[in-house]
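Here is the file target.txt (compact mmCIF, C-alpha atoms (C1' of nucleotides)).
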# COMPACT_ATOMS: atom_id res chain seq x y z
CA MET A 265 0.00 0.00 0.00
CA ASN A 266 3.04 2.25 0.06
CA ASN A 267 3.93 2.26 -3.61
CA PRO A 268 2.56 5.09 -5.70
CA LEU A 269 -0.86 4.38 -7.18
CA SER A 270 -2.27 5.24 -10.58
CA ASP A 271 -4.87 7.99 -10.80
CA LYS A 272 -7.42 5.25 -11.39
CA ASP A 273 -6.55 3.37 -8.22
CA CYS A 274 -6.33 6.60 -6.32
CA ALA A 275 -9.81 7.55 -7.51
CA GLU A 276 -11.08 4.21 -6.23
CA LEU A 277 -9.79 5.03 -2.79
CA PHE A 278 -11.41 8.43 -2.82
CA LYS A 279 -14.67 6.78 -3.87
CA ALA A 280 -14.53 4.64 -0.77
CA LEU A 281 -14.09 7.79 1.30
CA ALA A 282 -16.76 9.73 -0.59
CA ASP A 283 -19.71 8.80 1.59
CA GLU A 284 -20.89 10.37 4.81
CA ILE A 285 -21.75 7.04 6.44
CA ARG A 286 -18.41 5.48 5.58
CA LEU A 287 -16.61 8.47 7.05
CA LYS A 288 -18.62 8.06 10.25
CA ILE A 289 -17.66 4.39 10.34
CA LEU A 290 -13.98 5.23 9.90
CA HIS A 291 -14.17 7.80 12.67
CA SER A 292 -15.85 5.28 14.92
CA LEU A 293 -13.24 2.62 14.17
CA TYR A 294 -10.52 5.15 14.80
CA ASP A 295 -11.56 5.04 18.45
CA SER A 296 -11.88 1.28 18.79
CA GLU A 297 -12.74 -2.02 17.11
CA LYS A 298 -16.50 -2.47 16.52
CA CYS A 299 -18.84 -5.23 15.41
CA VAL A 300 -21.70 -4.74 12.94
CA THR A 301 -24.30 -4.51 15.70
CA ASP A 302 -22.30 -1.81 17.46
CA LEU A 303 -22.26 0.25 14.27
CA MET A 304 -25.97 -0.38 13.61
CA ASP A 305 -26.80 1.04 17.02
CA GLU A 306 -24.38 3.90 16.75
CA LEU A 307 -25.43 5.00 13.27
CA GLN A 308 -29.07 3.89 13.47
CA LEU A 309 -28.90 1.94 10.22
CA ALA A 310 -30.19 -1.42 8.99
CA GLN A 311 -27.84 -4.38 9.26
CA SER A 312 -27.48 -4.94 5.54
CA HIS A 313 -26.84 -1.27 5.02
CA VAL A 314 -23.94 -1.29 7.47
CA SER A 315 -22.57 -4.53 6.00
CA HIS A 316 -22.51 -3.06 2.51
CA HIS A 317 -20.54 -0.04 3.60
CA LEU A 318 -18.14 -2.21 5.58
CA LYS A 319 -17.53 -4.30 2.51
CA THR A 320 -16.76 -1.21 0.45
CA LEU A 321 -14.26 -0.05 3.04
CA LYS A 322 -12.70 -3.49 3.29
CA VAL A 323 -12.32 -3.92 -0.48
CA ALA A 324 -10.63 -0.52 -0.52
CA GLY A 325 -8.18 -1.82 2.05
CA LEU A 326 -9.15 0.76 4.64
CA ILE A 327 -10.42 -1.66 7.27
CA GLN A 328 -9.89 -5.27 8.32
CA SER A 329 -12.06 -7.82 10.10
CA ARG A 330 -11.69 -10.75 12.47
CA ARG A 331 -14.26 -13.17 13.80
CA ASP A 332 -15.00 -13.30 17.52
CA GLY A 333 -17.65 -15.93 18.22
CA HIS A 334 -20.54 -15.05 16.00
CA LYS A 335 -19.51 -11.45 15.83
CA MET A 336 -17.34 -9.96 13.14
CA CYS A 337 -15.07 -7.29 14.53
CA TYR A 338 -13.92 -4.46 12.29
CA SER A 339 -10.95 -2.18 12.76
CA LEU A 340 -8.82 0.20 10.76
CA SER A 341 -6.12 -1.39 8.63
CA PRO A 342 -2.62 -1.13 10.09
CA ASP A 343 -1.48 1.06 7.17
CA VAL A 344 -4.20 3.53 7.91
CA LYS A 345 -2.96 4.23 11.41
CA THR A 346 0.71 4.71 10.69
CA ASN A 347 2.27 7.98 11.57
CA LEU A 348 3.46 10.44 9.03
CA SER A 349 7.24 10.65 9.09
CA LYS A 350 8.32 12.17 5.83
CA THR A 351 9.31 15.56 4.53
CA ARG A 352 6.47 17.99 4.10
CA LYS A 353 5.29 18.79 0.61
CA GLU A 354 2.43 20.67 -0.97
CA SER A 355 -0.91 19.52 0.29
CA LEU A 356 -4.61 19.80 -0.40
CA ASP A 357 -6.36 21.45 2.52
CA LEU A 358 -9.83 19.95 2.68
CA GLY A 359 -10.91 21.57 5.90
CA CYS A 360 -11.63 18.38 7.76
CA CYS A 361 -8.35 16.88 6.60
CA GLU A 362 -5.31 17.45 4.50
CA VAL A 363 -4.50 15.34 1.47
CA LYS A 364 -0.83 15.25 0.81
CA PHE A 365 0.31 13.97 -2.58
CA LYS A 366 3.60 12.13 -2.65
CA MET B 77 -12.00 26.37 3.94
CA ASN B 78 -9.91 26.02 7.07
CA ASN B 79 -12.66 25.39 9.59
CA PRO B 80 -13.52 21.76 10.34
CA LEU B 81 -16.13 20.32 8.01
CA SER B 82 -18.98 17.94 8.71
CA ASP B 83 -18.68 14.38 7.49
CA LYS B 84 -21.24 15.28 4.86
CA ASP B 85 -19.23 18.20 3.50
CA CYS B 86 -16.06 16.16 3.73
CA ALA B 87 -17.69 13.38 1.70
CA GLU B 88 -18.60 15.95 -0.94
CA LEU B 89 -14.95 16.90 -1.29
CA PHE B 90 -13.90 13.28 -1.58
CA LYS B 91 -16.55 12.82 -4.27
CA ALA B 92 -14.94 15.60 -6.26
CA LEU B 93 -11.62 13.76 -5.97
CA ALA B 94 -13.13 10.35 -6.70
CA ASP B 95 -12.68 10.38 -10.45
CA GLU B 96 -9.64 9.51 -12.52
CA ILE B 97 -10.12 12.35 -15.00
CA ARG B 98 -10.53 14.94 -12.27
CA LEU B 99 -7.34 13.75 -10.61
CA LYS B 100 -5.52 14.09 -13.91
CA ILE B 101 -6.86 17.63 -14.25
CA LEU B 102 -5.68 18.51 -10.76
CA HIS B 103 -2.25 17.08 -11.47
CA SER B 104 -2.08 19.08 -14.68
CA LEU B 105 -3.12 22.29 -12.95
CA TYR B 106 -0.58 21.64 -10.26
CA ASP B 107 2.08 22.32 -12.88
CA SER B 108 0.49 25.40 -14.43
CA GLU B 109 -2.69 27.25 -15.29
CA LYS B 110 -4.57 25.72 -18.26
CA CYS B 111 -7.52 26.59 -20.47
CA VAL B 112 -10.22 24.12 -21.52
CA THR B 113 -8.64 23.54 -24.92
CA ASP B 114 -5.30 22.72 -23.32
CA LEU B 115 -6.99 20.10 -21.16
CA MET B 116 -8.98 18.70 -24.09
CA ASP B 117 -5.73 18.13 -26.00
CA GLU B 118 -3.88 16.81 -23.02
CA LEU B 119 -6.59 14.38 -21.91
CA GLN B 120 -8.06 13.66 -25.35
CA LEU B 121 -11.60 14.37 -24.23
CA ALA B 122 -14.61 16.20 -25.68
CA GLN B 123 -15.02 19.84 -24.71
CA SER B 124 -18.27 19.39 -22.81
CA HIS B 125 -16.76 16.47 -20.98
CA VAL B 126 -13.85 18.56 -19.75
CA SER B 127 -16.14 21.47 -18.86
CA HIS B 128 -18.33 19.25 -16.72
CA HIS B 129 -15.42 17.95 -14.72
CA LEU B 130 -14.04 21.46 -14.31
CA LYS B 131 -17.37 22.59 -12.94
CA THR B 132 -17.39 19.76 -10.42
CA LEU B 133 -13.90 20.74 -9.24
CA LYS B 134 -14.84 24.41 -9.08
CA VAL B 135 -18.04 23.81 -7.11
CA ALA B 136 -15.95 21.77 -4.68
CA GLY B 137 -13.65 24.75 -4.26
CA LEU B 138 -10.60 22.93 -5.54
CA ILE B 139 -9.96 25.14 -8.57
CA GLN B 140 -10.62 28.71 -9.70
CA SER B 141 -11.01 30.35 -13.09
CA ARG B 142 -10.32 33.69 -14.75
CA ARG B 143 -11.12 34.91 -18.23
CA ASP B 144 -8.32 35.77 -20.65
CA GLY B 145 -9.74 36.98 -23.95
CA HIS B 146 -12.03 34.22 -25.09
CA LYS B 147 -10.22 31.64 -23.06
CA MET B 148 -11.12 30.58 -19.55
CA CYS B 149 -8.02 29.82 -17.54
CA TYR B 150 -8.22 27.33 -14.69
CA SER B 151 -5.82 26.93 -11.80
CA LEU B 152 -5.71 25.34 -8.38
CA SER B 153 -7.37 27.31 -5.58
CA PRO B 154 -4.93 29.14 -3.32
CA ASP B 155 -5.96 26.99 -0.33
CA VAL B 156 -5.03 23.88 -2.23
CA LYS B 157 -1.44 24.92 -2.69
CA THR B 158 -0.67 26.01 0.86
CA ASN B 159 2.04 24.25 2.70
CA LEU B 160 1.46 22.05 5.66
CA SER B 161 2.77 23.64 8.81
CA LYS B 162 1.18 21.90 11.74
CA THR B 163 2.00 19.16 14.17
CA ARG B 164 1.87 15.70 12.74
CA LYS B 165 -1.04 13.47 13.62
CA GLU B 166 -2.33 10.07 12.58
CA SER B 167 -2.88 9.85 8.86
CA LEU B 168 -4.48 7.69 6.20
CA ASP B 169 -1.83 6.39 3.86
CA LEU B 170 -3.48 6.02 0.47
CA GLY B 171 -0.37 5.15 -1.48
CA CYS B 172 -0.54 8.04 -3.90
CA CYS B 173 -1.21 10.45 -1.08
CA GLU B 174 -1.74 10.80 2.61
CA VAL B 175 -4.99 12.02 4.08
CA LYS B 176 -4.46 13.62 7.42
CA PHE B 177 -7.51 14.21 9.59
CA LYS B 178 -7.38 17.29 11.79
C1' DG C 201 -22.31 43.75 -37.95
C1' DA C 202 -20.71 39.08 -39.28
C1' DT C 203 -17.79 35.42 -38.32
C1' DT C 204 -14.87 32.68 -35.60
C1' DT C 205 -13.00 30.86 -31.36
C1' DC C 206 -13.70 29.18 -26.97
C1' DC C 207 -16.55 27.55 -23.63
C1' DA C 208 -20.94 26.73 -20.56
C1' DT C 209 -25.15 24.56 -20.41
C1' DC C 210 -28.92 21.52 -21.83
C1' DA C 211 -30.91 17.04 -22.70
C1' DA C 212 -30.64 12.30 -22.69
C1' DA C 213 -28.72 7.64 -22.41
C1' DG C 214 -26.07 4.51 -19.84
C1' DA C 215 -23.49 3.17 -15.83
C1' DA C 216 -22.67 3.09 -11.13
C1' DT C 217 -24.05 3.69 -6.40
C1' DC C 218 -27.16 3.82 -2.47
C1' DT C 219 -30.69 1.81 0.19
C1' DT C 220 -34.01 -1.58 1.71
C1' DG C 221 -36.15 -6.07 2.72
C1' DA C 222 -35.63 -10.91 2.20
C1' DT C 223 -32.84 -14.78 2.25
C1' DT C 224 -28.84 -17.48 3.39
C1' DC C 225 -24.78 -18.67 5.98
C1' DT C 226 -21.82 -19.32 10.09
C1' DT C 227 -21.17 -19.90 14.80
C1' DT C 228 -22.71 -20.75 19.43
C1' DG C 229 -25.21 -22.95 23.01
C1' DA C 230 -29.02 -25.82 24.52
C1' DT D 52 -29.45 -31.92 16.01
C1' DC D 53 -32.01 -27.56 16.71
C1' DA D 54 -32.73 -22.94 17.61
C1' DA D 55 -31.01 -18.42 17.91
C1' DA D 56 -27.67 -14.62 17.20
C1' DG D 57 -24.90 -12.11 14.16
C1' DA D 58 -23.67 -11.00 9.73
C1' DA D 59 -23.08 -11.60 4.46
C1' DT D 60 -25.33 -11.75 0.23
C1' DC D 61 -29.13 -11.34 -3.11
C1' DA D 62 -32.58 -8.78 -5.65
C1' DA D 63 -34.68 -4.66 -6.88
C1' DG D 64 -35.95 0.18 -6.93
C1' DA D 65 -34.32 4.81 -6.47
C1' DT D 66 -30.97 8.05 -7.00
C1' DT D 67 -26.75 9.97 -8.62
C1' DC D 68 -22.88 10.24 -11.73
C1' DT D 69 -20.64 9.92 -16.20
C1' DT D 70 -20.46 10.79 -20.93
C1' DT D 71 -21.97 12.46 -25.38
C1' DG D 72 -23.92 15.50 -28.93
C1' DA D 73 -26.41 19.67 -29.68
C1' DT D 74 -27.36 24.38 -28.68
C1' DG D 75 -26.33 28.96 -27.33
C1' DG D 76 -23.46 32.81 -25.39
C1' DA D 77 -19.31 35.84 -24.69
C1' DA D 78 -15.15 37.83 -26.52
C1' DA D 79 -11.99 38.73 -30.36
C1' DT D 80 -11.11 39.56 -35.26
C1' DC D 81 -12.35 40.91 -39.70

Show how you would write the structure in this file as structure tokens.
Amino acid sequence: MNNPLSDKDCAELFKALADEIRLKILHSLYDSEKCVTDLMDELQLAQSHVSHHLKTLKVAGLIQSRRDGHKMCYSLSPDVKTNLSKTRKESLDLGCCEVKFK
Amino acid sequence: MNNPLSDKDCAELFKALADEIRLKILHSLYDSEKCVTDLMDELQLAQSHVSHHLKTLKVAGLIQSRRDGHKMCYSLSPDVKTNLSKTRKESLDLGCCEVKFK
DNA sequence: GATTTCCATCAAAGAATCTTGATTCTTTGA
DNA sequence: TCAAAGAATCAAGATTCTTTGATGGAAATC
């Protein structure tokens, strides 16, 4: 996940981020691991609705899952939580976040 | 553009970035100001096609335009080119770029 | 004023995405 | 083995986005 991506692949990642609900899920997982039921309660959404968004995030490589009994626990991918430790370059200031092109 | 945005507004910005052509346009404008015809030639796309994407980027606040004769010149918004000068926090590593939540 | 260049907008078709309810699958515990 | 809990997948309708061709408008040149 650290090699430079094509514009096409990059666009795919932005698509995964381009949804209010998925951003809320990422914020929630930033705090701690959650199962589908936790997220249903927190976001007040139907089970299948949450599952679909989780799949989108997982396919994009943004989150990972592990089974715990009959619960599936979701958390941010390791790559997503790594610290920034490189020289500073030009960046896109998006208000809520900064996008820094390599 | 520097105040924190809601997840909804943030998702809107990611939507603007979630397209291969629009990323190519941003990369092109990162180098220098361009008019629609320049981008048509560069990307090999129909004029209305380019105009539509430019509008999406402009509505999102990512680019700006100015008229020069009968050409419309597009360039990155000032905010987009500002340097990062804050303490480092956790970030999303997207390969082609890093997204750093404030 | 007429023509040309450059571009925005309109209209429409097709593709992709979002959302919901129903069904199916996996795991656990009785 | 059966029932129940938790979650993935399927199917379908609604909405949004992408892309194209056609039309029209603003600025420059003749």

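If we count all atoms listed in the file, these residues of chain A sit within 9 Å of chain D: Val300, Thr301, Gln311, Ser312, Ser315, His316, His334, Lys335 and Met336 of chain A.
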
Write out as CSV a residue-level contact list of chain C versus chain A with cut-off 9 Å: for each qualifying residue the closest pair of atoms and the distance in Å to one decimal, counting all atoms listed in the file, rows sorted by chain and residue number upward.
residue,atom,partner,partner_atom,distance
C:DT219,C1',A:His313,CA,6.9
C:DT220,C1',A:His313,CA,7.9
C:DT226,C1',A:His334,CA,7.4
C:DT227,C1',A:His334,CA,5.0
C:DT228,C1',A:His334,CA,7.0

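Between atom C1' of DA215 of chain C and atom CA of Ile101 of chain B there is a distance of 22.1 Å.
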
Distance criterion (only C-alpha atoms (C1' of nucleotides)): nearest to DA208 of chain C out of B:Ala92, B:Leu130, B:Leu81, B:Tyr106: B:Leu130

Expressed in Å, the length from atom CA of Ser153 of chain B to atom CA of Gly137 of chain B is 6.9 Å

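Taking atom CA of Lys319 of chain A as the reference point, atom CA of Thr132 of chain B is found at 27.3 Å.
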
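Considering only C-alpha atoms, the residue among A:Ala275, A:Pro342, A:Leu303, A:Ser270 positioned nearest to chain B is A:Ala275.
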